[in-house]
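Reproduced below: final_1.tsv, with TSV, C-alpha atoms.
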chain	number	residue	atom	x	y	z
S	1	MET	CA	-6.04	10.58	4.16
S	2	GLY	CA	-3.24	10.70	1.62
S	3	ASN	CA	-2.15	8.10	-0.91
S	4	ARG	CA	-3.94	4.75	-1.00
S	5	ILE	CA	-1.31	2.02	-0.68
S	6	VAL	CA	-1.65	-1.75	-0.43
S	7	VAL	CA	1.17	-3.53	1.39
S	8	ALA	CA	1.51	-7.31	1.15
S	9	GLY	CA	3.95	-9.34	3.22
S	10	VAL	CA	4.84	-10.53	6.69
S	11	ALA	CA	3.84	-8.80	9.90
S	12	SER	CA	5.47	-10.62	12.80
S	13	TRP	CA	6.00	-10.43	16.53
S	14	GLY	CA	9.63	-9.52	17.08
S	15	VAL	CA	11.85	-9.69	20.14
S	16	ASN	CA	14.89	-7.42	20.00
S	17	VAL	CA	17.73	-8.41	22.32
S	18	GLY	CA	20.73	-6.27	23.11
S	19	VAL	CA	23.81	-8.50	23.21
S	20	GLY	CA	27.50	-8.04	23.82
S	21	GLU	CA	30.49	-9.03	21.72
S	22	PRO	CA	30.66	-11.71	20.52
S	23	ALA	CA	26.99	-11.51	19.58
S	24	VAL	CA	25.95	-14.36	21.85
S	25	ASP	CA	27.75	-17.06	23.82
S	26	THR	CA	25.18	-19.61	24.88
S	27	ALA	CA	27.78	-21.51	26.91
S	28	ALA	CA	28.55	-18.63	29.19
S	29	SER	CA	27.04	-19.19	32.61
S	30	GLY	CA	24.96	-16.32	33.87
S	31	TRP	CA	24.74	-14.62	30.48
S	32	ARG	CA	22.20	-11.81	30.48
S	33	PRO	CA	21.00	-9.56	27.66
S	34	ARG	CA	21.82	-5.86	27.90
S	35	TRP	CA	18.17	-5.14	27.15
S	36	LEU	CA	15.10	-6.81	25.66
S	37	VAL	CA	12.10	-5.24	23.90
S	38	SER	CA	9.30	-6.87	21.90
S	39	GLY	CA	6.61	-5.64	19.54
S	40	LEU	CA	5.33	-5.62	15.98
S	41	GLY	CA	7.89	-6.51	13.33
S	42	GLY	CA	8.23	-7.95	9.84
S	43	ALA	CA	8.85	-5.98	6.66
S	44	ALA	CA	5.17	-5.44	5.89
S	45	GLY	CA	4.51	-4.50	9.51
S	46	HIS	CA	7.30	-1.91	9.44
S	47	ILE	CA	6.33	-0.44	6.07
S	48	SER	CA	2.62	-0.25	6.88
S	49	THR	CA	3.00	1.48	10.24
S	50	ILE	CA	5.43	4.04	8.79
S	51	LEU	CA	3.13	4.89	5.87
S	52	ARG	CA	0.12	5.07	8.19
S	53	ALA	CA	1.90	7.47	10.56
S	54	LEU	CA	2.90	9.68	7.61
S	55	GLY	CA	-0.77	10.00	6.70
S	56	ASP	CA	-1.35	7.46	3.96
S	57	GLU	CA	-4.37	5.19	3.65
S	58	VAL	CA	-2.91	1.70	4.01
S	59	GLU	CA	-4.48	-1.69	3.37
S	60	LEU	CA	-2.25	-4.40	4.86
S	61	CYS	CA	-2.43	-7.88	3.35
S	62	THR	CA	-0.76	-10.27	5.77
S	63	VAL	CA	-1.38	-13.40	7.83
S	64	ALA	CA	-1.95	-13.80	11.57
S	65	GLY	CA	-3.25	-16.95	13.20
S	66	ARG	CA	-5.56	-17.28	16.19
S	67	ASP	CA	-2.69	-18.38	18.44
S	68	ALA	CA	-1.06	-16.23	21.12
S	69	ILE	CA	1.47	-14.71	18.72
S	70	GLY	CA	-1.27	-13.92	16.22
S	71	SER	CA	-3.28	-12.21	18.93
S	72	LEU	CA	-0.34	-9.98	19.79
S	73	ILE	CA	0.19	-9.09	16.13
S	74	ARG	CA	-3.48	-8.22	15.63
S	75	TRP	CA	-3.51	-6.18	18.84
S	76	ARG	CA	-0.67	-4.00	17.60
S	77	LEU	CA	-2.16	-3.73	14.13
S	78	ARG	CA	-5.44	-2.53	15.61
S	79	GLU	CA	-3.57	0.20	17.47
S	80	HIS	CA	-2.29	1.45	14.10
S	81	GLY	CA	-5.62	1.07	12.32
S	82	LEU	CA	-4.24	-1.76	10.18
S	83	ASP	CA	-6.21	-4.81	11.32
S	84	GLY	CA	-8.53	-4.78	8.34
S	85	ARG	CA	-9.95	-7.34	5.93
S	86	GLY	CA	-6.51	-8.01	4.47
S	87	VAL	CA	-5.26	-9.58	7.72
S	88	VAL	CA	-6.28	-13.21	7.30
S	89	ASP	CA	-5.95	-16.37	9.33
S	90	CYS	CA	-3.97	-18.98	7.39
S	91	GLY	CA	-3.25	-21.02	10.50
S	92	VAL	CA	0.20	-19.61	11.24
S	93	SER	CA	1.76	-16.49	12.76
S	94	ALA	CA	5.26	-15.12	12.20
S	95	GLU	CA	7.77	-14.40	14.95
S	96	ALA	CA	11.43	-13.43	14.98
S	97	ALA	CA	14.31	-12.54	17.27
S	98	VAL	CA	16.75	-9.76	16.49
S	99	LEU	CA	20.17	-9.74	18.16
S	100	VAL	CA	21.56	-6.21	18.39
S	101	GLY	CA	25.22	-5.50	19.14
S	102	PRO	CA	26.60	-2.47	21.01
S	103	ASP	CA	27.30	-0.70	17.70
S	104	GLY	CA	23.72	-1.17	16.51
S	105	ARG	CA	24.40	-3.92	14.01
S	106	ARG	CA	21.77	-6.64	14.00
S	107	ALA	CA	21.23	-10.28	13.15
S	108	VAL	CA	17.67	-11.41	12.44
S	109	LEU	CA	16.64	-14.92	13.42
S	110	SER	CA	13.26	-15.87	11.99
S	111	HIS	CA	11.42	-19.16	11.78
S	112	SER	CA	9.96	-18.82	8.30
S	113	THR	CA	9.28	-22.39	7.13
S	114	GLN	CA	5.53	-22.31	7.82
S	115	ILE	CA	5.10	-18.74	6.57
S	116	ALA	CA	6.87	-19.64	3.32
S	117	ALA	CA	4.23	-22.29	2.66
S	118	VAL	CA	1.24	-19.97	3.20
S	119	GLN	CA	-1.19	-19.45	0.33
S	120	TYR	CA	-2.65	-15.99	0.74
S	121	PRO	CA	-6.18	-15.70	-0.73
S	122	GLU	CA	-5.68	-13.94	-4.05
S	123	GLU	CA	-9.24	-12.62	-4.14
S	124	VAL	CA	-8.62	-10.61	-0.96
S	125	PHE	CA	-5.56	-8.92	-2.44
S	126	THR	CA	-7.30	-8.36	-5.78
S	127	GLU	CA	-10.14	-6.51	-4.07
S	128	ALA	CA	-7.71	-4.45	-2.01
S	129	VAL	CA	-5.46	-3.43	-4.88
S	130	ARG	CA	-8.22	-2.28	-7.22
S	131	GLY	CA	-7.89	1.51	-7.56
S	132	ALA	CA	-4.82	1.78	-5.30
S	133	ASP	CA	-2.09	4.34	-5.96
S	134	LEU	CA	0.69	1.83	-5.22
S	135	ALA	CA	1.19	-1.84	-4.36
S	136	VAL	CA	4.14	-2.69	-2.12
S	137	LEU	CA	4.84	-6.41	-2.32
S	138	THR	CA	7.60	-7.61	-0.05
S	139	SER	CA	9.62	-10.57	-1.28
S	140	THR	CA	8.08	-13.23	0.93
S	141	PRO	CA	6.88	-16.29	-1.04
S	142	PHE	CA	3.17	-15.82	-0.47
S	143	THR	CA	3.16	-12.48	-2.32
S	144	ARG	CA	4.56	-13.93	-5.55
S	145	PRO	CA	1.16	-15.11	-6.85
S	146	LEU	CA	-0.29	-11.66	-6.06
S	147	LEU	CA	1.94	-9.79	-8.52
S	148	ALA	CA	-0.34	-10.58	-11.46
S	149	ALA	CA	-3.34	-8.86	-9.86
S	150	ALA	CA	-1.40	-5.62	-9.35
S	151	VAL	CA	-0.20	-5.72	-12.96
S	152	LEU	CA	-3.69	-6.51	-14.25
S	153	HIS	CA	-5.15	-3.48	-12.47
S	154	GLY	CA	-2.38	-1.17	-13.66
S	155	VAL	CA	-1.17	-0.36	-10.15
S	156	PRO	CA	2.51	0.66	-9.83
S	157	ILE	CA	4.56	-1.90	-7.91
S	158	ALA	CA	7.37	-1.30	-5.43
S	159	VAL	CA	9.65	-3.97	-3.99
S	160	ASP	CA	12.68	-4.09	-1.71
S	161	VAL	CA	14.83	-7.08	-2.68
S	162	ASN	CA	16.96	-6.78	0.46
S	163	VAL	CA	20.45	-8.33	0.29
S	164	ILE	CA	20.37	-9.41	-3.35
S	165	ALA	CA	23.69	-10.18	-5.07
S	166	ASP	CA	22.74	-11.15	-8.63
S	167	VAL	CA	20.66	-9.10	-11.05
S	168	GLU	CA	19.48	-12.40	-12.57
S	169	ASP	CA	18.51	-13.88	-9.18
S	170	ASP	CA	15.96	-16.63	-9.79
S	171	TYR	CA	14.14	-16.07	-6.51
S	172	TYR	CA	13.67	-12.30	-6.86
S	173	GLY	CA	13.06	-12.42	-10.62
S	174	PRO	CA	9.21	-12.42	-10.50
S	175	TRP	CA	9.19	-9.20	-8.44
S	176	LEU	CA	11.91	-7.49	-10.47
S	177	GLU	CA	10.21	-8.27	-13.77
S	178	VAL	CA	7.14	-6.17	-12.85
S	179	ALA	CA	8.44	-3.59	-10.37
S	180	ASP	CA	8.34	0.14	-11.11
S	181	ILE	CA	10.44	0.89	-8.00
S	182	VAL	CA	13.26	-1.33	-6.74
S	183	PHE	CA	15.21	-0.86	-3.50
S	184	CYS	CA	17.97	-3.07	-2.10
S	185	SER	CA	20.85	-3.12	0.38
S	186	HIS	CA	24.51	-2.69	-0.55
S	187	GLU	CA	25.57	-5.51	1.78
S	188	ARG	CA	26.07	-8.23	-0.85
S	189	LEU	CA	26.38	-6.29	-4.09
S	190	PRO	CA	29.22	-7.51	-6.34
S	191	CYS	CA	29.93	-4.02	-7.66
S	192	SER	CA	29.47	-0.34	-6.87
S	193	ALA	CA	25.97	0.95	-6.15
S	194	GLU	CA	26.08	3.02	-9.34
S	195	ARG	CA	27.04	0.04	-11.48
S	196	TRP	CA	24.33	-2.07	-9.84
S	197	LEU	CA	21.68	0.53	-10.64
S	198	ALA	CA	22.80	0.53	-14.27
S	199	ARG	CA	22.46	-3.24	-14.37
S	200	ILE	CA	18.93	-3.06	-12.95
S	201	PHE	CA	17.81	-0.54	-15.57
S	202	ASP	CA	19.44	-2.50	-18.39
S	203	ARG	CA	17.94	-5.83	-17.32
S	204	TYR	CA	14.45	-4.64	-16.26
S	205	PRO	CA	13.03	-2.09	-18.73
S	206	GLY	CA	9.91	-1.50	-16.63
S	207	CYS	CA	11.85	-0.18	-13.65
S	208	LEU	CA	11.61	3.60	-13.34
S	209	VAL	CA	13.33	4.19	-9.99
S	210	ALA	CA	16.02	2.09	-8.30
S	211	ALA	CA	17.96	2.74	-5.11
S	212	VAL	CA	20.68	1.18	-2.99
S	213	GLY	CA	20.69	1.72	0.77
S	214	ARG	CA	24.31	2.01	1.93
S	215	GLY	CA	24.00	2.16	5.71
S	216	PRO	CA	26.37	4.79	7.13
S	217	LEU	CA	27.15	5.96	3.59
S	218	GLY	CA	23.57	6.99	2.91
S	219	CYS	CA	21.69	6.07	-0.26
S	220	VAL	CA	22.20	6.24	-4.01
S	221	LEU	CA	19.13	6.49	-6.22
S	222	GLY	CA	18.90	6.33	-9.99
S	223	LEU	CA	16.12	7.24	-12.38
S	224	ARG	CA	15.57	5.89	-15.84
S	225	ASP	CA	15.75	9.41	-17.27
S	226	GLY	CA	19.47	9.53	-16.41
S	227	ARG	CA	19.47	11.36	-13.10
S	228	LEU	CA	21.49	10.05	-10.17
S	229	VAL	CA	20.85	11.22	-6.60
S	230	ARG	CA	23.23	10.68	-3.68
S	231	ALA	CA	22.05	11.43	-0.14
S	232	GLU	CA	24.46	11.32	2.79
S	233	ALA	CA	23.47	9.48	5.96
S	234	VAL	CA	22.44	11.35	9.08
S	235	ALA	CA	21.63	9.89	12.50
S	236	PRO	CA	20.14	12.64	14.70
S	237	LEU	CA	20.02	10.42	17.81
S	238	GLY	CA	23.10	8.30	17.11
S	239	VAL	CA	22.93	4.60	16.27
S	240	CYS	CA	21.30	2.15	18.68
S	241	ASN	CA	19.58	-0.51	16.54
S	242	THR	CA	19.78	-0.74	12.74
S	243	SER	CA	17.00	-3.30	12.41
S	244	SER	CA	14.29	-2.15	9.99
S	245	ALA	CA	16.53	0.65	8.66
S	246	GLY	CA	16.01	-0.54	5.08
S	247	ASP	CA	12.25	-0.81	5.54
S	248	SER	CA	12.20	2.71	7.00
S	249	LEU	CA	14.16	4.14	4.06
S	250	PHE	CA	11.91	2.35	1.57
S	251	ALA	CA	8.60	3.30	3.18
S	252	ALA	CA	9.46	6.94	3.78
S	253	PHE	CA	10.66	7.27	0.20
S	254	LEU	CA	7.45	5.80	-1.18
S	255	HIS	CA	5.37	8.26	0.83
S	256	GLY	CA	7.44	11.21	-0.40
S	257	TRP	CA	7.50	10.03	-4.00
S	258	LEU	CA	3.74	9.54	-4.14
S	259	SER	CA	3.06	12.84	-2.37
S	260	THR	CA	5.38	15.02	-4.47
S	261	GLY	CA	5.99	13.05	-7.66
S	262	ASN	CA	9.67	13.92	-7.26
S	263	ALA	CA	12.09	11.12	-6.36
S	264	ALA	CA	15.01	13.49	-5.84
S	265	GLU	CA	13.03	15.43	-3.24
S	266	ALA	CA	11.71	12.30	-1.56
S	267	LEU	CA	15.13	10.67	-1.00
S	268	PRO	CA	16.64	13.02	1.63
S	269	ASP	CA	13.54	12.79	3.82
S	270	ALA	CA	13.69	9.00	3.54
S	271	VAL	CA	17.35	8.94	4.59
S	272	LEU	CA	16.59	11.25	7.50
S	273	TYR	CA	13.65	9.12	8.59
S	274	ALA	CA	15.73	5.93	8.59
S	275	GLY	CA	18.59	7.69	10.40
S	276	TRP	CA	16.26	8.97	13.12
S	277	ARG	CA	14.60	5.60	13.61
S	278	ILE	CA	17.84	3.65	14.19
S	279	GLY	CA	18.56	5.89	17.16
S	280	HIS	CA	15.96	3.99	19.17
S	281	ARG	CA	16.34	0.74	21.08
S	282	PHE	CA	13.24	-0.66	19.37
S	283	PRO	CA	12.87	1.18	16.03
S	284	SER	CA	9.72	-0.74	15.11
S	285	GLY	CA	7.90	0.91	18.00
S	286	VAL	CA	8.41	4.52	16.89
S	287	ALA	CA	7.19	6.51	13.89
S	288	LEU	CA	7.11	10.09	12.69
S	289	THR	CA	4.15	11.99	11.33
S	290	ALA	CA	4.65	14.12	8.22
S	291	ALA	CA	4.69	17.25	10.38
S	292	GLU	CA	7.27	15.78	12.75
S	293	LEU	CA	9.45	14.77	9.83
S	294	ALA	CA	9.26	18.29	8.42
S	295	ARG	CA	10.40	19.75	11.75
S	296	LEU	CA	13.22	17.23	12.00
S	297	ARG	CA	14.36	18.21	8.49
S	298	LEU	CA	14.86	21.81	9.62
S	299	ARG	CA	17.23	20.72	12.41
S	300	HIS	CA	19.04	17.98	10.49
S	301	PRO	CA	19.32	18.79	6.79
S	302	VAL	CA	20.56	15.97	4.55
S	303	ARG	CA	23.32	16.69	2.06
S	304	VAL	CA	22.33	15.69	-1.46
S	305	ARG	CA	24.29	15.59	-4.69
S	306	LEU	CA	22.59	15.46	-8.09
S	307	ASP	CA	24.37	14.01	-11.11
S	308	ARG	CA	23.63	12.63	-14.52
S	309	TRP	CA	25.10	9.40	-15.75
S	310	ASP	CA	25.78	7.76	-19.06
S	311	ARG	CA	24.93	4.09	-18.74

Using the file provided, produce a representation of the structure as structure tokens.
Amino acid sequence: MGNRIVVAGVASWGVNVGVGEPAVDTAASGWRPRWLVSGLGGAAGHISTILRALGDEVELCTVAGRDAIGSLIRWRLREHGLDGRGVVDCGVSAEAAVLVGPDGRRAVLSHSTQIAAVQYPEEVFTEAVRGADLAVLTSTPFTRPLLAAAVLHGVPIAVDVNVIADVEDDYYGPWLEVADIVFCSHERLPCSAERWLARIFDRYPGCLVAAVGRGPLGCVLGLRDGRLVRAEAVAPLGVCNTSSAGDSLFAAFLHGWLSTGNAAEALPDAVLYAGWRIGHRFPSGVALTAAELARLRLRHPVRVRLDRWDR
């Protein structure tokens, strides 16, 4: 096994539905989806299965009830070797629907009220994180109280703050204050990706690596030492479903960064991984091994530009 990584967050059962334009018209008689696929979802589910396929030792800390949905989630987790002691029954299970348009754009519909109220047992996470190489804490409410344990044990912390728009965001603040690695999407940023990265480094002195996923424009990554890395997007199979693209970019980068210690080298593989995955109807159901990713890299090299910046 490779790196030992603890991932805390939601693993859900997701139904992906191919829809036309407009996205859905519930009043239309005889409306039928273009396609429908279901399987394991949720940010922690995506990240864990990707890291596991790439060869890392992963301890997943999530919740799954004893209901039908929870049984499906645990079944899929067992297939990936992830249904360990960190998967606990807090009486609820997460599920979501993802509407996917013909161009691959997606809208996620999740019922998160009960999950938001979950209190994950801190002692389970504390035991899991002791001696880990990295703790990945997704920004779901039940992981907020777990941040202290990762800090206490000196484990580096990585977080993806998704569609954040304010560097002083009250909700995401607890994660940002302690994170060594911060990823986010460009979708709601009030400024350029480069300016946003500068703001992150200025506001959060503990952050060492920060990146902005830019969809078809690729990814921009900054390092506290002044380096800036731009990787252009590549989609070897075209674009079918962009759901979990950000999770794929994030997870593949973390694997590469831990394995090589070089963020600039890890970024192009992460962009390639995300670009390959969105070429599938149900991206959550496919994953590359490290060897498969290496072979894909030979056929689809990613263009990278290295700069330095003066913040």

Mind checking which residues fall within 9 Å of Val19 (chain S), counting only C-alpha atoms, ignoring those fewer than 4 positions away in the same chain, and posting them as a VMD selection string? chain S and resid 23 to 24 32 to 35 99 to 102

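For the choices S:Gly218, S:Gly173, S:Glu187, S:Leu306, the atom-to-atom distance to Tyr204 (chain S) is smallest for S:Gly173 when using only C-alpha atoms.
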
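Going from CA of Arg303 (chain S) to CA of Ile157 (chain S) covers 28.2 Å.
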
Neighbours of region 11-15 of chain S within 10 Å (only C-alpha atoms; same-chain residues fewer than 5 positions away dropped), as a ChimeraX atom specification? /S:36-48,60-64,69-74,76-77,87,93-99,108-110,282,284

Got time to write the residues from that selection, C-alpha atoms, as a CSV table (one decimal), keeping the file's coordinate frame?
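Okay, this is what ended up in again.csv:
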chain,number,residue,atom,x,y,z
S,36,LEU,CA,15.1,-6.8,25.7
S,37,VAL,CA,12.1,-5.2,23.9
S,38,SER,CA,9.3,-6.9,21.9
S,39,GLY,CA,6.6,-5.6,19.5
S,40,LEU,CA,5.3,-5.6,16.0
S,41,GLY,CA,7.9,-6.5,13.3
S,42,GLY,CA,8.2,-8.0,9.8
S,43,ALA,CA,8.8,-6.0,6.7
S,44,ALA,CA,5.2,-5.4,5.9
S,45,GLY,CA,4.5,-4.5,9.5
S,46,HIS,CA,7.3,-1.9,9.4
S,47,ILE,CA,6.3,-0.4,6.1
S,48,SER,CA,2.6,-0.2,6.9
S,60,LEU,CA,-2.2,-4.4,4.9
S,61,CYS,CA,-2.4,-7.9,3.4
S,62,THR,CA,-0.8,-10.3,5.8
S,63,VAL,CA,-1.4,-13.4,7.8
S,64,ALA,CA,-2.0,-13.8,11.6
S,69,ILE,CA,1.5,-14.7,18.7
S,70,GLY,CA,-1.3,-13.9,16.2
S,71,SER,CA,-3.3,-12.2,18.9
S,72,LEU,CA,-0.3,-10.0,19.8
S,73,ILE,CA,0.2,-9.1,16.1
S,74,ARG,CA,-3.5,-8.2,15.6
S,76,ARG,CA,-0.7,-4.0,17.6
S,77,LEU,CA,-2.2,-3.7,14.1
S,87,VAL,CA,-5.3,-9.6,7.7
S,93,SER,CA,1.8,-16.5,12.8
S,94,ALA,CA,5.3,-15.1,12.2
S,95,GLU,CA,7.8,-14.4,15.0
S,96,ALA,CA,11.4,-13.4,15.0
S,97,ALA,CA,14.3,-12.5,17.3
S,98,VAL,CA,16.8,-9.8,16.5
S,99,LEU,CA,20.2,-9.7,18.2
S,108,VAL,CA,17.7,-11.4,12.4
S,109,LEU,CA,16.6,-14.9,13.4
S,110,SER,CA,13.3,-15.9,12.0
S,282,PHE,CA,13.2,-0.7,19.4
S,284,SER,CA,9.7,-0.7,15.1

I'd like the neighbourhood of Glu122 (chain S) as a list in words, where a residue qualifies if any of its atoms comes within 8 Å (using all atoms listed in the file), though same-chain residues fewer than 3 positions away should be ignored. Phe125, Thr126, Pro145 and Leu146 of chain S

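Taking all atoms listed in the file into account, the polymer residues that have an atom no farther than 9 Å from (13.8, -12.7, -3.6) are S:Thr138, S:Ser139, S:Thr140, S:Pro141, S:Asp160, S:Val161, S:Asn162, S:Val163, S:Ile164, S:Asp169, S:Asp170, S:Tyr171, S:Tyr172, S:Gly173, S:Pro174, S:Trp175, S:Leu176.
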
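Between CA of Ala179 (chain S) and CA of Ala116 (chain S) lies a distance of 21.2 Å.
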
Report as number ranges by chain all protein, DNA and RNA residues lying within 12 Å of Val129 (chain S), evaluated on all atoms listed in the file, omitting residues in the same chain fewer than 5 positions from it. S: 4-8, 58-61, 86, 122-124, 134-137, 146-157

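One distance worth recording is that between CA of Trp196 (chain S) and CA of Ser244 (chain S), which is 22.2 Å.
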
Counting all atoms listed in the file, which of S:Ile181, S:Cys90, S:Ala291, S:Leu217 gets nearest to Gln114 (chain S)? S:Cys90

Using all atoms listed in the file, which protein or nucleic acid residues come within 9 Å of region 201-203 of chain S? Drop anything in the same chain fewer than 5 positions from it, and give the result as a PyMOL selection string. chain S and resi 167-168+177+196+208-210+222-224+311

Restrict the selected residues to C-alpha atoms and save them as a PDB file, in the coordinates of the input.
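The resulting file, selection-v9.pdb, is shown below:
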ATOM      1  CA  VAL S 167      20.660  -9.100 -11.050  1.00  0.00           C
ATOM      2  CA  GLU S 168      19.480 -12.400 -12.570  1.00  0.00           C
ATOM      3  CA  GLU S 177      10.210  -8.270 -13.770  1.00  0.00           C
ATOM      4  CA  TRP S 196      24.330  -2.070  -9.840  1.00  0.00           C
ATOM      5  CA  LEU S 208      11.610   3.600 -13.340  1.00  0.00           C
ATOM      6  CA  VAL S 209      13.330   4.190  -9.990  1.00  0.00           C
ATOM      7  CA  ALA S 210      16.020   2.090  -8.300  1.00  0.00           C
ATOM      8  CA  GLY S 222      18.900   6.330  -9.990  1.00  0.00           C
ATOM      9  CA  LEU S 223      16.120   7.240 -12.380  1.00  0.00           C
ATOM     10  CA  ARG S 224      15.570   5.890 -15.840  1.00  0.00           C
ATOM     11  CA  ARG S 311      24.930   4.090 -18.740  1.00  0.00           C
TER      12      ARG S 311
END

Selected residue, from S:Glu292, S:Thr49, S:Ala193, S:Val239, that lies nearest to Ala251 (chain S) when counting all atoms listed in the file: S:Thr49
